[in-house]
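Here the structure comes first, spelled out in structure tokens, and everything after it is commentary.
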Amino acid sequence: MGFDALIVIDMQEALVGRRPYGADGTVGAIARLVGACRESGVPVLHVRHDGGPGDELEAGTDGWRICAPLAPQEGEPVFDKHFNSAFRWTGLQAHLEQRGLRRLLMCGMQTEFCFDASVKVAFELGFDVTVPRGAVTTFDCAFAPGDELTAYFMDCIWDGRYARVIPLEEALGAIRRGA
């Protein structure tokens, strides 16, 4: 189970700053994935949401920036989106296909919105998707706390259907082994 690319979705200042469930742990987990990928030569790709004028994620604002611990390094592509899916009109699919990057490790937020849409679209496009536990988060909502919502999507929606959900340490080991 090797990985061809790591895709980090919507880990932006405004969202992380609103403190989703386990924010520090999620940022830390993703930082570990990003670091391992950079050390092993696995491409790191960032997806950033642009909510339009007046939105907390308006392009060019502080809230729109990718959070500092996960900031892209020079040469790491950033794909801006205006829809839930990381693939709709962003160029991400073409970028991956042109480079033969099929085995995707995906992490980020928000579980039930952009992240879910992106996992399902990646699956529909024929990509092999893996989601590491602890590297996806969302906010508490009226019908479920963020941790329960994320666990539900991982265990009941994605795993074995749209993606493989694995422990963080297993993902890190696979990155380091290049396996």
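Just remember, in the structure tokens the first chain shown is A, the second B, etc., residues are 1-based per chain, and ligands are 1-based in the order shown.
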
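Omitting Arg48 in chain A and its sequence neighbours fewer than 5 positions away, and counting only C-alpha atoms, the residues within 10 Å are Val8, Ile9, Asp10, Met11, Gln12, Leu57, Ala59, Trp64, Arg65, Ile66, Val78, Phe79, Asp80, Lys81, His82, Ala86 and Thr90 of chain A.
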
Residue subset to file, keeping all heavy atoms, as a short mmCIF file (atom, residue, chain, number, x, y, z; two decimals), in the first residue's frame:
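To be explicit, this is the file written out as out_37.cif:
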data_model
loop_
_atom_site.label_atom_id
_atom_site.label_comp_id
_atom_site.auth_asym_id
_atom_site.auth_seq_id
_atom_site.Cartn_x
_atom_site.Cartn_y
_atom_site.Cartn_z
N VAL A 8 -4.15 17.52 1.07
CA VAL A 8 -4.57 18.18 2.31
C VAL A 8 -5.68 19.15 1.94
O VAL A 8 -5.46 20.09 1.19
CB VAL A 8 -3.39 18.92 2.98
CG1 VAL A 8 -3.85 19.56 4.27
CG2 VAL A 8 -2.22 17.97 3.21
N ILE A 9 -6.87 18.94 2.50
CA ILE A 9 -8.06 19.69 2.09
C ILE A 9 -8.51 20.69 3.16
O ILE A 9 -8.78 20.31 4.31
CB ILE A 9 -9.22 18.72 1.76
CG1 ILE A 9 -8.81 17.82 0.59
CG2 ILE A 9 -10.50 19.48 1.44
CD1 ILE A 9 -9.81 16.74 0.26
N ASP A 10 -8.58 21.95 2.78
CA ASP A 10 -9.23 23.03 3.55
C ASP A 10 -8.70 23.25 4.97
O ASP A 10 -9.45 23.65 5.86
CB ASP A 10 -10.74 22.82 3.61
CG ASP A 10 -11.40 22.95 2.25
OD1 ASP A 10 -10.72 23.34 1.28
OD2 ASP A 10 -12.61 22.65 2.15
N MET A 11 -7.43 23.04 5.17
CA MET A 11 -6.85 23.29 6.50
C MET A 11 -6.44 24.77 6.56
O MET A 11 -5.26 25.11 6.62
CB MET A 11 -5.69 22.34 6.76
CG MET A 11 -6.12 20.89 6.90
SD MET A 11 -7.35 20.60 8.21
CE MET A 11 -6.36 20.94 9.66
N GLN A 12 -7.46 25.62 6.55
CA GLN A 12 -7.27 27.06 6.45
C GLN A 12 -7.44 27.75 7.80
O GLN A 12 -8.14 27.25 8.68
CB GLN A 12 -8.25 27.61 5.42
CG GLN A 12 -7.95 27.11 4.01
CD GLN A 12 -9.08 27.34 3.05
OE1 GLN A 12 -9.84 26.43 2.77
NE2 GLN A 12 -9.22 28.57 2.55
N LEU A 57 -13.61 32.72 4.19
CA LEU A 57 -12.59 32.09 3.34
C LEU A 57 -12.43 32.84 2.02
O LEU A 57 -12.08 32.26 1.00
CB LEU A 57 -12.95 30.62 3.08
CG LEU A 57 -13.05 29.73 4.32
CD1 LEU A 57 -13.51 28.34 3.94
CD2 LEU A 57 -11.73 29.69 5.07
N ALA A 59 -10.74 34.73 -0.84
CA ALA A 59 -9.36 34.69 -1.36
C ALA A 59 -8.60 35.94 -0.95
O ALA A 59 -9.11 37.06 -1.01
CB ALA A 59 -9.38 34.56 -2.88
N TRP A 64 -8.33 32.76 4.73
CA TRP A 64 -8.21 31.93 3.52
C TRP A 64 -6.89 31.17 3.47
O TRP A 64 -6.80 30.08 2.89
CB TRP A 64 -8.38 32.85 2.31
CG TRP A 64 -8.13 32.29 0.97
CD1 TRP A 64 -8.96 31.47 0.26
CD2 TRP A 64 -7.01 32.55 0.11
NE1 TRP A 64 -8.41 31.20 -0.97
CE2 TRP A 64 -7.22 31.87 -1.08
CE3 TRP A 64 -5.86 33.32 0.26
CZ2 TRP A 64 -6.31 31.91 -2.14
CZ3 TRP A 64 -4.96 33.38 -0.79
CH2 TRP A 64 -5.19 32.68 -1.97
N ARG A 65 -5.87 31.72 4.12
CA ARG A 65 -4.54 31.09 4.08
C ARG A 65 -4.55 29.71 4.73
O ARG A 65 -5.26 29.48 5.70
CB ARG A 65 -3.52 31.97 4.79
CG ARG A 65 -3.09 33.18 3.98
CD ARG A 65 -1.79 33.77 4.50
NE ARG A 65 -1.82 34.03 5.93
CZ ARG A 65 -2.11 35.21 6.46
NH1 ARG A 65 -2.37 36.24 5.70
NH2 ARG A 65 -2.12 35.36 7.77
N ILE A 66 -3.72 28.84 4.22
CA ILE A 66 -3.54 27.53 4.82
C ILE A 66 -2.83 27.74 6.16
O ILE A 66 -1.91 28.55 6.26
CB ILE A 66 -2.74 26.61 3.88
CG1 ILE A 66 -3.59 26.35 2.62
CG2 ILE A 66 -2.36 25.31 4.58
CD1 ILE A 66 -2.87 25.68 1.50
N VAL A 78 -1.09 24.30 -5.00
CA VAL A 78 -2.29 24.65 -4.24
C VAL A 78 -3.42 24.79 -5.25
O VAL A 78 -3.31 25.53 -6.22
CB VAL A 78 -2.11 25.97 -3.45
CG1 VAL A 78 -3.38 26.32 -2.71
CG2 VAL A 78 -0.92 25.87 -2.49
N PHE A 79 -4.50 24.07 -5.00
CA PHE A 79 -5.67 24.10 -5.88
C PHE A 79 -6.80 24.82 -5.15
O PHE A 79 -7.20 24.41 -4.06
CB PHE A 79 -6.09 22.68 -6.25
CG PHE A 79 -5.02 21.94 -7.00
CD1 PHE A 79 -4.06 21.21 -6.32
CD2 PHE A 79 -4.96 22.01 -8.38
CE1 PHE A 79 -3.05 20.55 -7.00
CE2 PHE A 79 -3.96 21.35 -9.08
CZ PHE A 79 -3.00 20.62 -8.39
N ASP A 80 -7.27 25.91 -5.75
CA ASP A 80 -8.36 26.67 -5.14
C ASP A 80 -9.69 26.17 -5.67
O ASP A 80 -9.83 25.91 -6.87
CB ASP A 80 -8.19 28.16 -5.42
CG ASP A 80 -7.04 28.75 -4.62
OD1 ASP A 80 -6.99 28.51 -3.41
OD2 ASP A 80 -6.18 29.43 -5.21
N LYS A 81 -10.64 26.04 -4.77
CA LYS A 81 -11.96 25.54 -5.16
C LYS A 81 -13.06 26.49 -4.69
O LYS A 81 -12.87 27.26 -3.76
CB LYS A 81 -12.19 24.13 -4.61
CG LYS A 81 -12.25 24.02 -3.11
CD LYS A 81 -12.44 22.56 -2.69
CE LYS A 81 -12.51 22.41 -1.20
NZ LYS A 81 -13.60 23.10 -0.54
N HIS A 82 -14.20 26.38 -5.36
CA HIS A 82 -15.39 27.17 -5.01
C HIS A 82 -16.58 26.28 -4.68
O HIS A 82 -17.66 26.77 -4.41
CB HIS A 82 -15.77 28.10 -6.17
CG HIS A 82 -14.69 29.07 -6.53
ND1 HIS A 82 -14.51 30.25 -5.86
CD2 HIS A 82 -13.72 29.01 -7.47
CE1 HIS A 82 -13.48 30.90 -6.38
NE2 HIS A 82 -12.98 30.17 -7.34
N ALA A 86 -12.99 18.84 -4.13
CA ALA A 86 -11.64 19.31 -4.46
C ALA A 86 -11.34 19.15 -5.95
O ALA A 86 -10.35 19.67 -6.44
CB ALA A 86 -10.61 18.52 -3.65
N THR A 90 -10.94 22.61 -10.56
CA THR A 90 -9.74 23.03 -9.85
C THR A 90 -8.45 22.67 -10.59
O THR A 90 -7.40 23.20 -10.26
CB THR A 90 -9.66 22.37 -8.46
OG1 THR A 90 -9.57 20.95 -8.63
CG2 THR A 90 -10.85 22.74 -7.60
#

Which polymer residues have any atom within 10 Å of an atom of Ile166 in chain A, counting only C-alpha atoms, with same-chain residues fewer than 4 positions away left out, as an MDAnalysis selection string?
chainID A and resid 130:134 154 159 170:171

Residues from last step as file, N, CA, C and O atoms, as an mmCIF file, in the first residue's frame:
data_model
loop_
_atom_site.group_PDB
_atom_site.id
_atom_site.type_symbol
_atom_site.label_atom_id
_atom_site.label_comp_id
_atom_site.auth_asym_id
_atom_site.auth_seq_id
_atom_site.Cartn_x
_atom_site.Cartn_y
_atom_site.Cartn_z
ATOM 1 N N THR A 130 -7.034 6.486 0.449
ATOM 2 C CA THR A 130 -6.802 6.065 1.827
ATOM 3 C C THR A 130 -6.960 7.280 2.725
ATOM 4 O O THR A 130 -6.455 8.363 2.410
ATOM 5 N N VAL A 131 -7.667 7.084 3.837
ATOM 6 C CA VAL A 131 -7.891 8.150 4.817
ATOM 7 C C VAL A 131 -7.308 7.697 6.156
ATOM 8 O O VAL A 131 -7.725 6.671 6.699
ATOM 9 N N PRO A 132 -6.337 8.435 6.698
ATOM 10 C CA PRO A 132 -5.781 8.072 8.007
ATOM 11 C C PRO A 132 -6.628 8.605 9.163
ATOM 12 O O PRO A 132 -7.059 9.759 9.148
ATOM 13 N N ARG A 133 -6.851 7.741 10.139
ATOM 14 C CA ARG A 133 -7.598 8.157 11.335
ATOM 15 C C ARG A 133 -6.835 9.268 12.049
ATOM 16 O O ARG A 133 -5.619 9.268 12.088
ATOM 17 N N GLY A 134 -7.574 10.225 12.586
ATOM 18 C CA GLY A 134 -6.968 11.324 13.324
ATOM 19 C C GLY A 134 -6.532 12.483 12.449
ATOM 20 O O GLY A 134 -6.052 13.484 12.959
ATOM 21 N N MET A 154 -16.054 7.786 8.725
ATOM 22 C CA MET A 154 -14.926 6.870 8.511
ATOM 23 C C MET A 154 -15.383 5.417 8.493
ATOM 24 O O MET A 154 -15.022 4.657 7.594
ATOM 25 N N ASP A 159 -15.028 3.679 4.724
ATOM 26 C CA ASP A 159 -14.193 2.484 4.797
ATOM 27 C C ASP A 159 -14.835 1.306 4.077
ATOM 28 O O ASP A 159 -15.956 0.910 4.369
ATOM 29 N N GLU A 170 -0.022 3.501 10.729
ATOM 30 C CA GLU A 170 0.107 2.617 9.564
ATOM 31 C C GLU A 170 0.384 3.440 8.300
ATOM 32 O O GLU A 170 1.222 3.064 7.473
ATOM 33 N N ALA A 171 -0.305 4.558 8.162
ATOM 34 C CA ALA A 171 -0.067 5.442 7.005
ATOM 35 C C ALA A 171 1.351 5.986 7.037
ATOM 36 O O ALA A 171 2.057 5.991 6.020
#

Using only C-alpha atoms, what table do you get, as a tab-separated table, when you list each residue of range 62-81 of chain A with an atom no more than 10 Å from range 14-37 of chain A, its nearest pair of atoms, and their distance in Å rounded to one decimal, rows by chain then rising number?
residue	atom	partner	partner_atom	distance
A:Asp62	CA	A:Ala14	CA	7.5
A:Gly63	CA	A:Ala14	CA	4.0
A:Trp64	CA	A:Ala14	CA	6.5
A:Arg65	CA	A:Ala14	CA	8.0
A:Ile66	CA	A:Ala14	CA	8.9
A:Cys67	CA	A:Val16	CA	7.2
A:Ala68	CA	A:Val27	CA	9.9
A:Pro69	CA	A:Ala31	CA	6.7
A:Leu70	CA	A:Ala31	CA	6.0
A:Ala71	CA	A:Ala31	CA	9.5
A:Pro72	CA	A:Val34	CA	9.5

Written selection (C-alpha atoms) as a CSV table (one decimal), in the first residue's frame:
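Wrote it out as again-v6.csv, contents follow:
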chain,number,residue,atom,x,y,z
A,62,ASP,CA,-6.0,35.9,6.5
A,63,GLY,CA,-8.7,33.3,7.0
A,64,TRP,CA,-8.2,31.9,3.5
A,65,ARG,CA,-4.5,31.1,4.1
A,66,ILE,CA,-3.5,27.5,4.8
A,67,CYS,CA,-2.8,27.3,8.5
A,68,ALA,CA,0.9,28.0,9.3
A,69,PRO,CA,2.0,24.5,10.6
A,70,LEU,CA,0.8,23.0,7.2
A,71,ALA,CA,1.8,25.9,4.9
A,72,PRO,CA,2.8,24.8,1.4

Helix (DSSP H, G or I) residues, from DSSP on the backbone, in range 43-177 of chain A, as an NGL selection string
:A and (68-70 or 92-98 or 111-124 or 146-158 or 168-177)

Exercise: range 99-113 of chain A partners within 8 Å, only C-alpha atoms, chain neighbours under 5 positions left out, as a PyMOL selection string
chain A and resi 2-11+30+84+119+126-132+135-139+149-150+153

Top pick for closest residue to Leu45 in chain A, considering A:Phe143, A:His95, A:Thr61, A:Arg164 and counting only C-alpha atoms
A:His95

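Shortest separation to His49 in chain A among A:Glu124, A:Trp158, A:Cys114, A:Asp140 occurs at residue A:Cys114, atoms counted being only C-alpha atoms.
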
DSSP on the backbone: which residues in chain A end up as strand (DSSP E or B)? Give the answer as a PyMOL selection string.
chain A and resi 5-9+12+44-49+66+78-81+103-109+128-132+136-137+159+163-166

Keeping only C-alpha atoms, take the residues you just selected and write them out as a PDB file, in the first residue's frame.
ATOM      1  CA  ALA A   5       0.367  11.813  -3.299  1.00  0.00           C
ATOM      2  CA  LEU A   6      -0.955  13.398  -0.118  1.00  0.00           C
ATOM      3  CA  ILE A   7      -3.928  15.743  -0.558  1.00  0.00           C
ATOM      4  CA  VAL A   8      -4.570  18.175   2.307  1.00  0.00           C
ATOM      5  CA  ILE A   9      -8.063  19.688   2.095  1.00  0.00           C
ATOM      6  CA  GLN A  12      -7.268  27.061   6.447  1.00  0.00           C
ATOM      7  CA  VAL A  44       2.061  17.063  -1.102  1.00  0.00           C
ATOM      8  CA  LEU A  45      -0.880  18.854  -2.709  1.00  0.00           C
ATOM      9  CA  HIS A  46      -3.023  21.454  -0.957  1.00  0.00           C
ATOM     10  CA  VAL A  47      -6.660  22.311  -1.621  1.00  0.00           C
ATOM     11  CA  ARG A  48      -8.006  25.633  -0.391  1.00  0.00           C
ATOM     12  CA  HIS A  49     -11.617  26.831  -0.406  1.00  0.00           C
ATOM     13  CA  ILE A  66      -3.540  27.529   4.824  1.00  0.00           C
ATOM     14  CA  VAL A  78      -2.286  24.650  -4.235  1.00  0.00           C
ATOM     15  CA  PHE A  79      -5.668  24.103  -5.878  1.00  0.00           C
ATOM     16  CA  ASP A  80      -8.360  26.669  -5.138  1.00  0.00           C
ATOM     17  CA  LYS A  81     -11.961  25.544  -5.159  1.00  0.00           C
ATOM     18  CA  ARG A 103      -2.922   6.129  -4.914  1.00  0.00           C
ATOM     19  CA  LEU A 104      -4.090   9.066  -2.826  1.00  0.00           C
ATOM     20  CA  LEU A 105      -3.712   9.695   0.882  1.00  0.00           C
ATOM     21  CA  MET A 106      -6.353  12.281   1.812  1.00  0.00           C
ATOM     22  CA  CYS A 107      -6.728  14.351   4.994  1.00  0.00           C
ATOM     23  CA  GLY A 108      -8.278  17.630   6.147  1.00  0.00           C
ATOM     24  CA  MET A 109     -11.746  18.997   6.794  1.00  0.00           C
ATOM     25  CA  ASP A 128      -7.387   4.572  -4.852  1.00  0.00           C
ATOM     26  CA  VAL A 129      -8.158   6.570  -1.692  1.00  0.00           C
ATOM     27  CA  THR A 130      -6.802   6.065   1.827  1.00  0.00           C
ATOM     28  CA  VAL A 131      -7.891   8.150   4.817  1.00  0.00           C
ATOM     29  CA  PRO A 132      -5.781   8.072   8.007  1.00  0.00           C
ATOM     30  CA  VAL A 136      -9.833  14.471   9.457  1.00  0.00           C
ATOM     31  CA  THR A 137     -12.061  16.701  11.537  1.00  0.00           C
ATOM     32  CA  ASP A 159     -14.193   2.484   4.797  1.00  0.00           C
ATOM     33  CA  ALA A 163     -11.745   4.525   0.692  1.00  0.00           C
ATOM     34  CA  ARG A 164      -9.586   2.496   2.975  1.00  0.00           C
ATOM     35  CA  VAL A 165      -9.483   3.977   6.487  1.00  0.00           C
ATOM     36  CA  ILE A 166      -6.318   3.087   8.378  1.00  0.00           C
TER      37      ILE A 166
END

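Of the residues listed (A:Leu168, A:Ala174, A:Phe87, A:Ala94), A:Phe87 shows the shortest atom-to-atom separation from Val121 in chain A; distances use only C-alpha atoms.
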